[in-house]
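Next comes model09.cif, a file with mmCIF, C-alpha atoms.
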data_upload
#
loop_
_atom_site.group_PDB
_atom_site.id
_atom_site.type_symbol
_atom_site.label_atom_id
_atom_site.label_comp_id
_atom_site.auth_asym_id
_atom_site.auth_seq_id
_atom_site.Cartn_x
_atom_site.Cartn_y
_atom_site.Cartn_z
ATOM 1 C CA MET A 1 19.913 -42.994 11.207
ATOM 2 C CA ALA A 2 17.157 -40.646 10.011
ATOM 3 C CA LYS A 3 18.228 -37.495 8.177
ATOM 4 C CA ARG A 4 16.916 -35.241 10.945
ATOM 5 C CA ASP A 5 18.985 -37.114 13.507
ATOM 6 C CA GLU A 6 22.071 -36.910 11.301
ATOM 7 C CA LEU A 7 21.657 -33.148 10.980
ATOM 8 C CA LYS A 8 21.131 -32.833 14.720
ATOM 9 C CA GLU A 9 24.366 -34.656 15.380
ATOM 10 C CA LYS A 10 26.212 -32.481 12.871
ATOM 11 C CA TYR A 11 24.828 -29.010 13.630
ATOM 12 C CA GLU A 12 23.335 -28.853 17.125
ATOM 13 C CA SER A 13 26.666 -28.208 18.786
ATOM 14 C CA LYS A 14 27.523 -25.574 16.158
ATOM 15 C CA ILE A 15 24.377 -23.481 16.234
ATOM 16 C CA GLY A 16 22.979 -24.361 19.650
ATOM 17 C CA LYS A 17 20.240 -26.699 20.808
ATOM 18 C CA ARG A 18 17.537 -24.020 20.944
ATOM 19 C CA MET A 19 18.182 -22.838 17.397
ATOM 20 C CA PHE A 20 18.386 -26.336 15.977
ATOM 21 C CA THR A 21 15.085 -27.242 17.648
ATOM 22 C CA TYR A 22 13.474 -24.123 16.171
ATOM 23 C CA PHE A 23 14.701 -24.822 12.633
ATOM 24 C CA SER A 24 13.716 -28.489 12.942
ATOM 25 C CA MET A 25 10.221 -27.454 13.958
ATOM 26 C CA MET A 26 9.993 -24.963 11.074
ATOM 27 C CA ASP A 27 10.892 -27.630 8.495
ATOM 28 C CA SER A 28 7.756 -29.754 8.315
ATOM 29 C CA SER A 29 8.619 -31.258 4.913
ATOM 30 C CA LYS A 30 8.620 -35.056 4.720
ATOM 31 C CA THR A 31 12.134 -35.083 3.284
ATOM 32 C CA THR A 32 13.559 -32.548 5.749
ATOM 33 C CA LYS A 33 14.220 -30.395 2.713
ATOM 34 C CA TYR A 34 15.214 -27.135 4.378
ATOM 35 C CA LEU A 35 16.693 -28.008 7.768
ATOM 36 C CA GLN A 36 20.264 -28.393 6.540
ATOM 37 C CA TYR A 37 20.066 -25.078 4.718
ATOM 38 C CA TYR A 38 18.766 -23.334 7.835
ATOM 39 C CA CYS A 39 21.647 -24.774 9.842
ATOM 40 C CA MET A 40 24.240 -23.889 7.206
ATOM 41 C CA MET A 41 22.991 -20.319 6.990
ATOM 42 C CA TRP A 42 22.946 -19.869 10.759
ATOM 43 C CA GLU A 43 26.434 -21.312 11.085
ATOM 44 C CA HIS A 44 27.593 -18.983 8.298
ATOM 45 C CA ARG A 45 25.878 -16.062 10.040
ATOM 46 C CA LYS A 46 27.847 -16.764 13.210
ATOM 47 C CA GLU A 47 31.061 -16.613 11.203
ATOM 48 C CA VAL A 48 30.500 -13.557 9.008
ATOM 49 C CA GLY A 49 27.499 -11.860 10.563
ATOM 50 C CA GLY A 50 24.245 -11.121 8.790
ATOM 51 C CA GLY A 51 21.283 -8.819 8.822
ATOM 52 C CA PHE A 52 18.598 -11.426 9.394
ATOM 53 C CA THR A 53 16.844 -13.206 12.234
ATOM 54 C CA SER A 54 15.921 -16.875 12.385
ATOM 55 C CA ALA A 55 12.270 -16.008 11.661
ATOM 56 C CA LYS A 56 13.287 -13.833 8.700
ATOM 57 C CA LEU A 57 15.412 -16.663 7.329
ATOM 58 C CA VAL A 58 12.553 -19.148 7.531
ATOM 59 C CA LYS A 59 10.107 -16.729 5.912
ATOM 60 C CA THR A 60 12.522 -15.940 3.059
ATOM 61 C CA VAL A 61 13.142 -19.636 2.366
ATOM 62 C CA GLU A 62 9.387 -20.238 2.317
ATOM 63 C CA GLU A 63 9.041 -17.415 -0.217
ATOM 64 C CA PHE A 64 11.900 -18.897 -2.255
ATOM 65 C CA GLU A 65 9.845 -22.076 -2.555
ATOM 66 C CA GLN A 66 6.587 -20.200 -3.149
ATOM 67 C CA PHE A 67 7.971 -18.130 -6.047
ATOM 68 C CA ILE A 68 10.478 -20.679 -7.344
ATOM 69 C CA SER A 69 8.943 -20.703 -10.827
ATOM 70 C CA PHE A 70 10.199 -17.108 -11.194
ATOM 71 C CA ILE A 71 13.759 -17.975 -10.091
ATOM 72 C CA ASP A 72 16.354 -19.053 -12.644
ATOM 73 C CA ASP A 73 18.663 -20.934 -10.297
ATOM 74 C CA LYS A 74 16.277 -23.058 -8.269
ATOM 75 C CA ASP A 75 18.916 -24.911 -6.219
ATOM 76 C CA LEU A 76 18.652 -23.452 -2.734
ATOM 77 C CA TYR A 77 21.857 -25.256 -1.793
ATOM 78 C CA ASN A 78 23.883 -23.424 -4.412
ATOM 79 C CA LYS A 79 26.853 -21.873 -2.606
ATOM 80 C CA LYS A 80 25.835 -18.369 -3.676
ATOM 81 C CA TYR A 81 22.671 -18.600 -1.567
ATOM 82 C CA LEU A 82 24.790 -18.792 1.589
ATOM 83 C CA ASP A 83 25.089 -15.045 1.086
ATOM 84 C CA TRP A 84 22.027 -13.445 2.696
ATOM 85 C CA ASP A 85 21.942 -10.464 0.352
ATOM 86 C CA THR A 86 21.936 -12.781 -2.676
ATOM 87 C CA LEU A 87 19.139 -14.913 -1.252
ATOM 88 C CA SER A 88 16.931 -12.006 -0.207
ATOM 89 C CA LYS A 89 17.477 -10.129 -3.481
ATOM 90 C CA THR A 90 16.664 -13.260 -5.486
ATOM 91 C CA VAL A 91 13.389 -13.654 -3.591
ATOM 92 C CA GLU A 92 12.519 -9.964 -3.974
ATOM 93 C CA ASN A 93 13.132 -10.179 -7.726
ATOM 94 C CA ALA A 94 10.983 -13.323 -7.971
ATOM 95 C CA ILE A 95 8.112 -11.652 -6.123
ATOM 96 C CA GLN A 96 8.402 -8.613 -8.377
ATOM 97 C CA ALA A 97 8.449 -10.851 -11.460
ATOM 98 C CA LYS A 98 5.226 -12.505 -10.300
ATOM 99 C CA LEU A 99 3.620 -9.121 -9.667
ATOM 100 C CA ASP A 100 4.695 -7.963 -13.122
ATOM 101 C CA SER A 101 3.201 -11.058 -14.751
ATOM 102 C CA GLU A 102 -0.181 -10.429 -13.114
ATOM 103 C CA PHE A 103 -0.138 -6.659 -13.165
ATOM 104 C CA ASN A 104 -3.008 -4.718 -14.718
ATOM 105 C CA ARG A 105 -1.970 -1.073 -14.533
ATOM 106 C CA ASN A 106 -5.498 0.319 -14.529
ATOM 107 C CA GLU A 107 -6.380 -1.690 -11.427
ATOM 108 C CA HIS A 108 -3.506 -0.374 -9.348
ATOM 109 C CA ILE A 109 -2.748 3.194 -10.404
ATOM 110 C CA ARG A 110 -4.484 6.208 -11.874
ATOM 111 C CA VAL A 111 -2.383 8.026 -14.439
ATOM 112 C CA LEU A 112 -2.470 11.789 -13.884
ATOM 113 C CA TYR A 113 -0.097 12.614 -16.733
ATOM 114 C CA GLU A 114 2.185 10.683 -19.062
ATOM 115 C CA ASP A 115 4.441 11.484 -21.977
ATOM 116 C CA ALA A 116 7.776 10.220 -23.305
ATOM 117 C CA ASN A 117 9.663 11.711 -20.355
ATOM 118 C CA TYR A 118 7.372 11.561 -17.339
ATOM 119 C CA LEU A 119 4.827 9.385 -15.602
ATOM 120 C CA PHE A 120 2.779 11.114 -12.898
ATOM 121 C CA LEU A 121 0.450 8.764 -11.070
ATOM 122 C CA GLU A 122 -1.749 8.208 -8.063
ATOM 123 C CA PRO A 123 -1.172 4.751 -6.523
ATOM 124 C CA ILE A 124 -4.554 3.151 -5.873
ATOM 125 C CA THR A 125 -3.354 -0.092 -4.280
ATOM 126 C CA HIS A 126 -0.360 -1.151 -2.238
ATOM 127 C CA ILE A 127 0.702 -3.381 -5.131
ATOM 128 C CA GLY A 128 0.726 -0.385 -7.448
ATOM 129 C CA SER A 129 2.679 1.599 -4.861
ATOM 130 C CA GLN A 130 5.259 -1.186 -4.608
ATOM 131 C CA LYS A 131 5.715 -1.470 -8.351
ATOM 132 C CA TYR A 132 6.066 2.215 -9.160
ATOM 133 C CA GLY A 133 7.910 2.985 -5.938
ATOM 134 C CA ALA A 134 10.544 0.310 -6.586
ATOM 135 C CA ASN A 135 14.141 1.338 -5.771
ATOM 136 C CA THR A 136 12.948 3.848 -3.179
ATOM 137 C CA ARG A 137 12.753 3.816 0.598
ATOM 138 C CA TRP A 138 9.249 5.259 0.739
ATOM 139 C CA CYS A 139 7.370 3.729 3.644
ATOM 140 C CA THR A 140 4.279 3.499 1.422
ATOM 141 C CA THR A 141 6.088 0.963 -0.801
ATOM 142 C CA MET A 142 7.381 -1.499 1.815
ATOM 143 C CA ARG A 143 6.325 -5.044 0.975
ATOM 144 C CA ASN A 144 4.947 -5.953 4.403
ATOM 145 C CA GLU A 145 3.612 -2.489 5.269
ATOM 146 C CA SER A 146 0.285 -2.228 3.454
ATOM 147 C CA GLY A 147 -1.179 -0.593 6.566
ATOM 148 C CA THR A 148 1.190 2.351 6.184
ATOM 149 C CA PHE A 149 0.128 2.849 2.570
ATOM 150 C CA LYS A 150 -3.561 2.739 3.521
ATOM 151 C CA ARG A 151 -3.032 5.247 6.312
ATOM 152 C CA TYR A 152 -1.395 7.738 3.960
ATOM 153 C CA VAL A 153 -4.053 7.512 1.233
ATOM 154 C CA ASN A 154 -6.912 7.588 3.747
ATOM 155 C CA ASN A 155 -5.574 10.695 5.471
ATOM 156 C CA GLY A 156 -4.417 12.657 2.455
ATOM 157 C CA TYR A 157 -3.359 12.573 -1.177
ATOM 158 C CA LEU A 158 -0.306 10.709 -2.494
ATOM 159 C CA ALA A 159 1.258 10.787 -5.969
ATOM 160 C CA TYR A 160 4.506 9.617 -7.580
ATOM 161 C CA LEU A 161 6.377 11.476 -10.307
ATOM 162 C CA ILE A 162 8.811 9.342 -12.324
ATOM 163 C CA LYS A 163 11.415 10.366 -14.861
ATOM 164 C CA LYS A 164 11.307 7.655 -17.500
ATOM 165 C CA ASN A 165 14.841 8.248 -18.758
ATOM 166 C CA SER A 166 16.431 8.392 -15.312
ATOM 167 C CA PRO A 167 18.901 5.594 -14.413
ATOM 168 C CA SER A 168 17.407 3.088 -11.960
ATOM 169 C CA LYS A 169 20.533 3.242 -9.803
ATOM 170 C CA GLY A 170 22.980 5.922 -8.798
ATOM 171 C CA THR A 171 20.474 8.696 -8.171
ATOM 172 C CA ASN A 172 17.965 9.554 -5.473
ATOM 173 C CA TYR A 173 15.947 11.885 -7.683
ATOM 174 C CA GLY A 174 14.677 9.800 -10.573
ATOM 175 C CA LYS A 175 11.430 9.425 -8.630
ATOM 176 C CA ILE A 176 9.825 11.879 -6.221
ATOM 177 C CA ALA A 177 6.704 11.489 -4.100
ATOM 178 C CA PHE A 178 4.151 14.234 -3.398
ATOM 179 C CA TYR A 179 1.943 14.191 -0.301
ATOM 180 C CA THR A 180 -0.489 16.473 1.489
ATOM 181 C CA GLU A 181 -2.880 15.735 4.328
ATOM 182 C CA GLU A 182 -6.623 16.203 3.984
ATOM 183 C CA SER A 183 -6.622 18.569 6.965
ATOM 184 C CA GLN A 184 -4.571 21.040 4.895
ATOM 185 C CA ASN A 185 -5.791 23.396 2.205
ATOM 186 C CA PRO A 186 -4.517 21.705 -0.985
ATOM 187 C CA LEU A 187 -4.516 24.966 -2.939
ATOM 188 C CA GLY A 188 -2.338 26.885 -0.508
ATOM 189 C CA CYS A 189 -0.592 24.558 1.911
ATOM 190 C CA GLU A 190 3.011 23.419 1.742
ATOM 191 C CA ILE A 191 3.334 20.120 -0.126
ATOM 192 C CA GLN A 192 5.698 17.489 1.198
ATOM 193 C CA ILE A 193 8.022 16.176 -1.525
ATOM 194 C CA TYR A 194 10.280 13.166 -0.913
ATOM 195 C CA ASN A 195 13.309 11.904 -2.801
ATOM 196 C CA GLN A 196 13.986 8.206 -3.241
ATOM 197 C CA ASN A 197 15.679 8.016 0.179
ATOM 198 C CA ASP A 198 12.382 9.175 1.724
ATOM 199 C CA ASN A 199 13.856 12.522 2.734
ATOM 200 C CA THR A 200 11.758 15.666 2.335
ATOM 201 C CA VAL A 201 13.370 18.017 -0.163
ATOM 202 C CA SER A 202 12.971 21.644 -1.203
ATOM 203 C CA ASP A 203 12.571 23.105 -4.663
ATOM 204 C CA LEU A 204 16.179 24.298 -4.471
ATOM 205 C CA VAL A 205 17.459 20.761 -3.870
ATOM 206 C CA LEU A 206 15.287 19.410 -6.677
ATOM 207 C CA SER A 207 16.553 22.101 -9.007
ATOM 208 C CA LYS A 208 20.136 21.092 -8.225
ATOM 209 C CA ASN A 209 19.240 17.498 -9.130
ATOM 210 C CA ASP A 210 18.029 18.069 -12.690
ATOM 211 C CA TRP A 211 14.407 19.015 -12.008
ATOM 212 C CA SER A 212 13.403 22.134 -13.908
ATOM 213 C CA TYR A 213 11.228 24.734 -12.214
ATOM 214 C CA ASP A 214 8.852 24.696 -15.180
ATOM 215 C CA ASP A 215 8.195 20.978 -14.701
ATOM 216 C CA LEU A 216 7.975 21.235 -10.919
ATOM 217 C CA THR A 217 5.486 24.096 -11.188
ATOM 218 C CA ARG A 218 3.359 22.210 -13.710
ATOM 219 C CA PHE A 219 3.238 18.981 -11.722
ATOM 220 C CA THR A 220 2.768 20.733 -8.390
ATOM 221 C CA PHE A 221 -0.263 22.592 -9.759
ATOM 222 C CA LEU A 222 -1.681 19.335 -11.150
ATOM 223 C CA PHE A 223 -1.115 17.638 -7.793
ATOM 224 C CA ARG A 224 -2.944 20.413 -5.947
ATOM 225 C CA MET A 225 -5.935 20.178 -8.291
ATOM 226 C CA GLU A 226 -6.129 16.397 -7.987
ATOM 227 C CA ALA A 227 -5.857 16.608 -4.193
ATOM 228 C CA LEU A 228 -8.654 19.181 -4.126
ATOM 229 C CA LYS A 229 -10.890 16.961 -6.260
ATOM 230 C CA LYS A 230 -10.222 13.941 -4.064
ATOM 231 C CA PHE A 231 -10.992 15.802 -0.839
ATOM 232 C CA GLN A 232 -14.157 17.336 -2.329
ATOM 233 C CA MET A 233 -15.316 13.908 -3.470
ATOM 234 C CA LYS A 234 -14.567 12.386 -0.069
ATOM 235 C CA ARG A 235 -16.545 15.104 1.742
ATOM 236 C CA ALA A 236 -19.440 14.789 -0.696
ATOM 237 C CA LYS A 237 -19.608 11.018 -0.168
ATOM 238 C CA SER A 238 -19.533 11.562 3.584
ATOM 239 C CA ASN A 239 -22.410 14.062 3.372
ATOM 240 C CA VAL A 240 -24.486 11.694 1.248
ATOM 241 C CA GLU A 241 -23.818 8.816 3.621
ATOM 242 C CA SER A 242 -24.811 11.011 6.578
ATOM 243 C CA THR A 243 -28.089 11.919 4.872
ATOM 244 C CA ILE A 244 -28.802 8.270 4.108
ATOM 245 C CA GLN A 245 -28.183 7.336 7.733
ATOM 246 C CA GLN A 246 -30.533 10.096 8.894
ATOM 247 C CA ILE A 247 -33.270 8.763 6.617
ATOM 248 C CA LYS A 248 -32.664 5.224 7.863
ATOM 249 C CA THR A 249 -33.049 6.309 11.493
ATOM 250 C CA LEU A 250 -36.492 7.874 10.934
ATOM 251 C CA ASP A 251 -39.006 6.246 13.286
ATOM 252 C CA LEU A 252 -41.704 5.618 10.707
ATOM 253 C CA GLU A 253 -44.013 3.752 13.115
ATOM 254 C CA THR A 254 -44.133 6.677 15.526
ATOM 255 C CA LEU A 255 -44.550 9.071 12.596
ATOM 256 C CA LYS A 256 -47.466 7.025 11.318
ATOM 257 C CA LYS A 257 -49.224 7.059 14.693
ATOM 258 C CA ASP A 258 -48.661 10.791 15.109
ATOM 259 C CA LEU A 259 -50.027 11.452 11.632
ATOM 260 C CA GLU A 260 -53.152 9.427 12.394
ATOM 261 C CA ILE A 261 -53.765 11.587 15.423
ATOM 262 C CA ILE A 262 -53.204 14.817 13.498
ATOM 263 C CA SER A 263 -55.243 13.772 10.466
ATOM 264 C CA GLY A 264 -58.198 12.907 12.716
ATOM 265 C CA LYS A 265 -58.277 16.347 14.296
ATOM 266 C CA THR A 266 -58.406 18.938 11.574
ATOM 267 C CA THR A 267 -60.748 21.354 13.382
ATOM 268 C CA TYR A 268 -57.797 23.398 14.552
ATOM 269 C CA GLY A 269 -56.665 24.022 11.025
ATOM 270 C CA ASP A 270 -53.422 22.057 11.526
ATOM 271 C CA ASP A 271 -51.790 21.573 8.120
ATOM 272 C CA THR A 272 -48.927 19.315 9.403
ATOM 273 C CA PHE A 273 -50.015 16.366 7.277
ATOM 274 C CA ASN A 274 -50.213 18.495 4.138
ATOM 275 C CA ARG A 275 -46.768 19.990 4.784
ATOM 276 C CA LEU A 276 -45.236 16.565 5.352
ATOM 277 C CA GLU A 277 -46.847 15.250 2.193
ATOM 278 C CA SER A 278 -45.484 18.226 0.270
ATOM 279 C CA VAL A 279 -41.941 17.716 1.638
ATOM 280 C CA MET A 280 -42.005 14.017 0.776
ATOM 281 C CA LYS A 281 -43.150 14.740 -2.767
ATOM 282 C CA ILE A 282 -40.359 17.265 -3.239
ATOM 283 C CA MET A 283 -37.794 14.774 -1.895
ATOM 284 C CA ILE A 284 -39.025 12.021 -4.222
ATOM 285 C CA GLU A 285 -38.918 14.381 -7.202
ATOM 286 C CA LYS A 286 -35.362 15.406 -6.369
ATOM 287 C CA ILE A 287 -34.254 11.775 -6.076
ATOM 288 C CA GLU A 288 -35.947 10.860 -9.369
ATOM 289 C CA ASN A 289 -34.315 13.799 -11.147
ATOM 290 C CA TYR A 290 -30.859 13.240 -9.628
#
Using the file provided, produce a representation of the structure as structure tokens.
Amino acid sequence: MAKRDELKEKYESKIGKRMFTYFSMMDSSKTTKYLQYYCMMWEHRKEVGGGFTSAKLVKTVEEFEQFISFIDDKDLYNKKYLDWDTLSKTVENAIQAKLDSEFNRNEHIRVLYEDANYLFLEPITHIGSQKYGANTRWCTTMRNESGTFKRYVNNGYLAYLIKKNSPSKGTNYGKIAFYTEESQNPLGCEIQIYNQNDNTVSDLVLSKNDWSYDDLTRFTFLFRMEALKKFQMKRAKSNVESTIQQIKTLDLETLKKDLEIISGKTTYGDDTFNRLESVMKIMIEKIENY
């Protein structure tokens, strides 16, 4: 009897025909490598409950295989991996280890300030946001939510402030996120500040959680200045692009014909051609001297 048939006989009645068929379809390996694990996990889920769906289980097992070189215990059938939290955490750690091995800080973040105690940064990429937003619930750091990160950075200015000597666990204030929307005045508007649980917090709450007002004032001012520079740069680029598009849409053929008509009839003292020539020369000079 083929292995797939043996597993069907053993597990179909335990997990249901529909679920067994789904897992069987998801395991396309020649050796039916994962089907028994899927069935074992689903049977275990029915007994103890679990915070995962069948699709999430399949995806996590696929990632286990994909990042297996970064996993110490590579035996998926080890009893400990029947615990969903252990499996998912192992995969998350493996993915993070791969990111760390390939990570070039300058490609993913822009350092705004750094010393022995603090790192203040602007995340440039979703990967950078994930790495430096680890151990938080910020929506801009979620592994499968790159669209959320892009929406925030496109619509405003985002920065992370990290205490280097803060314990990685047991506190919600070792890292805080700053955000303001582009539609606001960065020099005078209220800045949204989030703790690691992704809750907005006030200066009073931060002060009660070991953030000094001197540091908060310093970093808030720096954040406002960086936000202002980003928004100014974005508007300037938009203005330049608009000007370029206007130049591109000039109907040069019609202009040429109209100029031929004007240049052939100078008895009326029309200086249109001379004025156009003067404007074009000035524009060229400005571009050359830019």
Give the answer as one residue: which of A:Leu228, A:Met283, A:Ile15, A:Leu76 has the shortest atom-to-atom distance to Leu187 in chain A, using all atoms listed in the file? A:Leu228
Quick one, how far is CA of Lys14 in chain A from CA of Glu65 in chain A?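 Those two atoms sit 26.0 Å apart.
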Selected by the PyMOL selection byres ((chain A and resi 71) around 10) in the shown coordinates: which residues, as a ChimeraX atom specification? /A:64-65,67-70,72-75,90-91,93-95,97
Using the selection just defined, write its residues with C-alpha atoms as a CSV table (one decimal), in the coordinates of the input.
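Here's the written file result-v8.csv:
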chain,number,residue,atom,x,y,z
A,64,PHE,CA,11.9,-18.9,-2.3
A,65,GLU,CA,9.8,-22.1,-2.6
A,67,PHE,CA,8.0,-18.1,-6.0
A,68,ILE,CA,10.5,-20.7,-7.3
A,69,SER,CA,8.9,-20.7,-10.8
A,70,PHE,CA,10.2,-17.1,-11.2
A,72,ASP,CA,16.4,-19.1,-12.6
A,73,ASP,CA,18.7,-20.9,-10.3
A,74,LYS,CA,16.3,-23.1,-8.3
A,75,ASP,CA,18.9,-24.9,-6.2
A,90,THR,CA,16.7,-13.3,-5.5
A,91,VAL,CA,13.4,-13.7,-3.6
A,93,ASN,CA,13.1,-10.2,-7.7
A,94,ALA,CA,11.0,-13.3,-8.0
A,95,ILE,CA,8.1,-11.7,-6.1
A,97,ALA,CA,8.4,-10.9,-11.5
Taking only C-alpha atoms into account, name the residue in A:Arg218, A:Lys234, A:Lys17, A:Lys30 that is nearest to Lys3 in chain A.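 Closest to Lys3 in chain A of all the choices is A:Lys30.
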Could you jot down the CA of Glu182 in chain A to CA of Tyr157 in chain A separation for me, Å, one decimal place? 7.1 Å
Of the residues A:Cys39, A:Leu161, A:Met225, A:Leu204, which is the one nearest to Asn117 in chain A, using only C-alpha atoms?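 Comparing A:Cys39, A:Leu161, A:Met225, A:Leu204 against Asn117 in chain A, the winner is A:Leu161.
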May I have the residues within 9 Å of Asp203 in chain A as an MDAnalysis selection string, using all atoms listed in the file and disregarding those fewer than 3 positions away in the same chain? chainID A and resid 193 206:208 211 213 216
Can those selected residues be exported to a file as an mmCIF file, keeping the file's coordinate frame so that it contains C-alpha atoms?
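In the end it all went to part_23.cif:
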data_model
loop_
_atom_site.group_PDB
_atom_site.id
_atom_site.type_symbol
_atom_site.label_atom_id
_atom_site.label_comp_id
_atom_site.auth_asym_id
_atom_site.auth_seq_id
_atom_site.Cartn_x
_atom_site.Cartn_y
_atom_site.Cartn_z
ATOM 1 C CA ILE A 193 8.022 16.176 -1.525
ATOM 2 C CA LEU A 206 15.287 19.410 -6.677
ATOM 3 C CA SER A 207 16.553 22.101 -9.007
ATOM 4 C CA LYS A 208 20.136 21.092 -8.225
ATOM 5 C CA TRP A 211 14.407 19.015 -12.008
ATOM 6 C CA TYR A 213 11.228 24.734 -12.214
ATOM 7 C CA LEU A 216 7.975 21.235 -10.919
#
Just to confirm, what's the straight-line distance from CA of Glu145 in chain A to CA of Asn185 in chain A in Å (one decimal)?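 So the answer is 27.7 Å.
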Neighbours of point (-3.3, 4.3, -18.2) within 12 Å, using only C-alpha atoms, written as a PDB file with C-alpha atoms, in the coordinates of the input:
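Okay, this is what ended up in part-v3.pdb:
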ATOM      1  CA  ASN A 104      -3.008  -4.718 -14.718  1.00  0.00           C
ATOM      2  CA  ARG A 105      -1.970  -1.073 -14.533  1.00  0.00           C
ATOM      3  CA  ASN A 106      -5.498   0.319 -14.529  1.00  0.00           C
ATOM      4  CA  GLU A 107      -6.380  -1.690 -11.427  1.00  0.00           C
ATOM      5  CA  HIS A 108      -3.506  -0.374  -9.348  1.00  0.00           C
ATOM      6  CA  ILE A 109      -2.748   3.194 -10.404  1.00  0.00           C
ATOM      7  CA  ARG A 110      -4.484   6.208 -11.874  1.00  0.00           C
ATOM      8  CA  VAL A 111      -2.383   8.026 -14.439  1.00  0.00           C
ATOM      9  CA  LEU A 112      -2.470  11.789 -13.884  1.00  0.00           C
ATOM     10  CA  TYR A 113      -0.097  12.614 -16.733  1.00  0.00           C
ATOM     11  CA  GLU A 114       2.185  10.683 -19.062  1.00  0.00           C
ATOM     12  CA  ASP A 115       4.441  11.484 -21.977  1.00  0.00           C
ATOM     13  CA  LEU A 119       4.827   9.385 -15.602  1.00  0.00           C
ATOM     14  CA  PHE A 120       2.779  11.114 -12.898  1.00  0.00           C
ATOM     15  CA  LEU A 121       0.450   8.764 -11.070  1.00  0.00           C
ATOM     16  CA  GLU A 122      -1.749   8.208  -8.063  1.00  0.00           C
ATOM     17  CA  PRO A 123      -1.172   4.751  -6.523  1.00  0.00           C
TER      18      PRO A 123
END
Starting from the displayed file, determine the output of the PyMOL selection byres ((chain A and resi 50) around 12) and express the residue list as a compact mmCIF listing (two decimals) with C-alpha atoms, keeping the file's coordinate frame.
# COMPACT_ATOMS: atom_id res chain seq x y z
CA MET A 41 22.99 -20.32 6.99
CA TRP A 42 22.95 -19.87 10.76
CA GLU A 43 26.43 -21.31 11.08
CA HIS A 44 27.59 -18.98 8.30
CA ARG A 45 25.88 -16.06 10.04
CA LYS A 46 27.85 -16.76 13.21
CA GLU A 47 31.06 -16.61 11.20
CA VAL A 48 30.50 -13.56 9.01
CA GLY A 49 27.50 -11.86 10.56
CA GLY A 51 21.28 -8.82 8.82
CA PHE A 52 18.60 -11.43 9.39
CA THR A 53 16.84 -13.21 12.23
CA SER A 54 15.92 -16.88 12.38
CA LYS A 56 13.29 -13.83 8.70
CA LEU A 57 15.41 -16.66 7.33
CA LEU A 82 24.79 -18.79 1.59
CA ASP A 83 25.09 -15.04 1.09
CA TRP A 84 22.03 -13.44 2.70
CA ASP A 85 21.94 -10.46 0.35
CA THR A 86 21.94 -12.78 -2.68
CA LEU A 87 19.14 -14.91 -1.25
CA SER A 88 16.93 -12.01 -0.21
Residues returned when the PyMOL selection byres ((chain A and resi 155) around 6) runs on this file, as a short mmCIF file (atom, residue, chain, number, x, y, z; two decimals) with C-alpha atoms, in the coordinates of the input:
data_model
loop_
_atom_site.label_atom_id
_atom_site.label_comp_id
_atom_site.auth_asym_id
_atom_site.auth_seq_id
_atom_site.Cartn_x
_atom_site.Cartn_y
_atom_site.Cartn_z
CA TYR A 152 -1.40 7.74 3.96
CA VAL A 153 -4.05 7.51 1.23
CA ASN A 154 -6.91 7.59 3.75
CA GLY A 156 -4.42 12.66 2.46
CA GLU A 181 -2.88 15.74 4.33
CA GLU A 182 -6.62 16.20 3.98
#
Using all atoms of range 225-241 of chain A that appear in the file, construct an axis-aligned enclosing box with 8 Å of padding on every side and provide its centre coordinates and edge lengths in Å, rounded to one decimal, as AutoDock Vina command-line options.
--center_x -15.2 --center_y 14.5 --center_z -2.3 --size_x 34.6 --size_y 27.4 --size_z 27.9
Quick one: residues within 12 Å of Val201 in chain A, only C-alpha atoms, excluding same-chain residues fewer than 6 positions away - as a ChimeraX atom specification? /A:172-173,176-178,190-195,207-209,211
So which one's closest to Lys150 in chain A, A:Lys163, A:Lys175, A:Lys131, A:His126? Using all atoms listed in the file, please.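 For Lys150 in chain A, the nearest of the candidates is A:His126.
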Could you list as a PDB file with C-alpha atoms, in the frame of the given file every residue that has an atom within 12 Å of (11.0, -21.9, 15.5), using the file's coordinates and counting only C-alpha atoms?
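Result saved to point.pdb:
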ATOM      1  CA  LYS A  17      20.240 -26.699  20.808  1.00  0.00           C
ATOM      2  CA  ARG A  18      17.537 -24.020  20.944  1.00  0.00           C
ATOM      3  CA  MET A  19      18.182 -22.838  17.397  1.00  0.00           C
ATOM      4  CA  PHE A  20      18.386 -26.336  15.977  1.00  0.00           C
ATOM      5  CA  THR A  21      15.085 -27.242  17.648  1.00  0.00           C
ATOM      6  CA  TYR A  22      13.474 -24.123  16.171  1.00  0.00           C
ATOM      7  CA  PHE A  23      14.701 -24.822  12.633  1.00  0.00           C
ATOM      8  CA  SER A  24      13.716 -28.489  12.942  1.00  0.00           C
ATOM      9  CA  MET A  25      10.221 -27.454  13.958  1.00  0.00           C
ATOM     10  CA  MET A  26       9.993 -24.963  11.074  1.00  0.00           C
ATOM     11  CA  ASP A  27      10.892 -27.630   8.495  1.00  0.00           C
ATOM     12  CA  SER A  28       7.756 -29.754   8.315  1.00  0.00           C
ATOM     13  CA  LEU A  35      16.693 -28.008   7.768  1.00  0.00           C
ATOM     14  CA  TYR A  38      18.766 -23.334   7.835  1.00  0.00           C
ATOM     15  CA  THR A  53      16.844 -13.206  12.234  1.00  0.00           C
ATOM     16  CA  SER A  54      15.921 -16.875  12.385  1.00  0.00           C
ATOM     17  CA  ALA A  55      12.270 -16.008  11.661  1.00  0.00           C
ATOM     18  CA  LYS A  56      13.287 -13.833   8.700  1.00  0.00           C
ATOM     19  CA  LEU A  57      15.412 -16.663   7.329  1.00  0.00           C
ATOM     20  CA  VAL A  58      12.553 -19.148   7.531  1.00  0.00           C
ATOM     21  CA  LYS A  59      10.107 -16.729   5.912  1.00  0.00           C
TER      22      LYS A  59
END
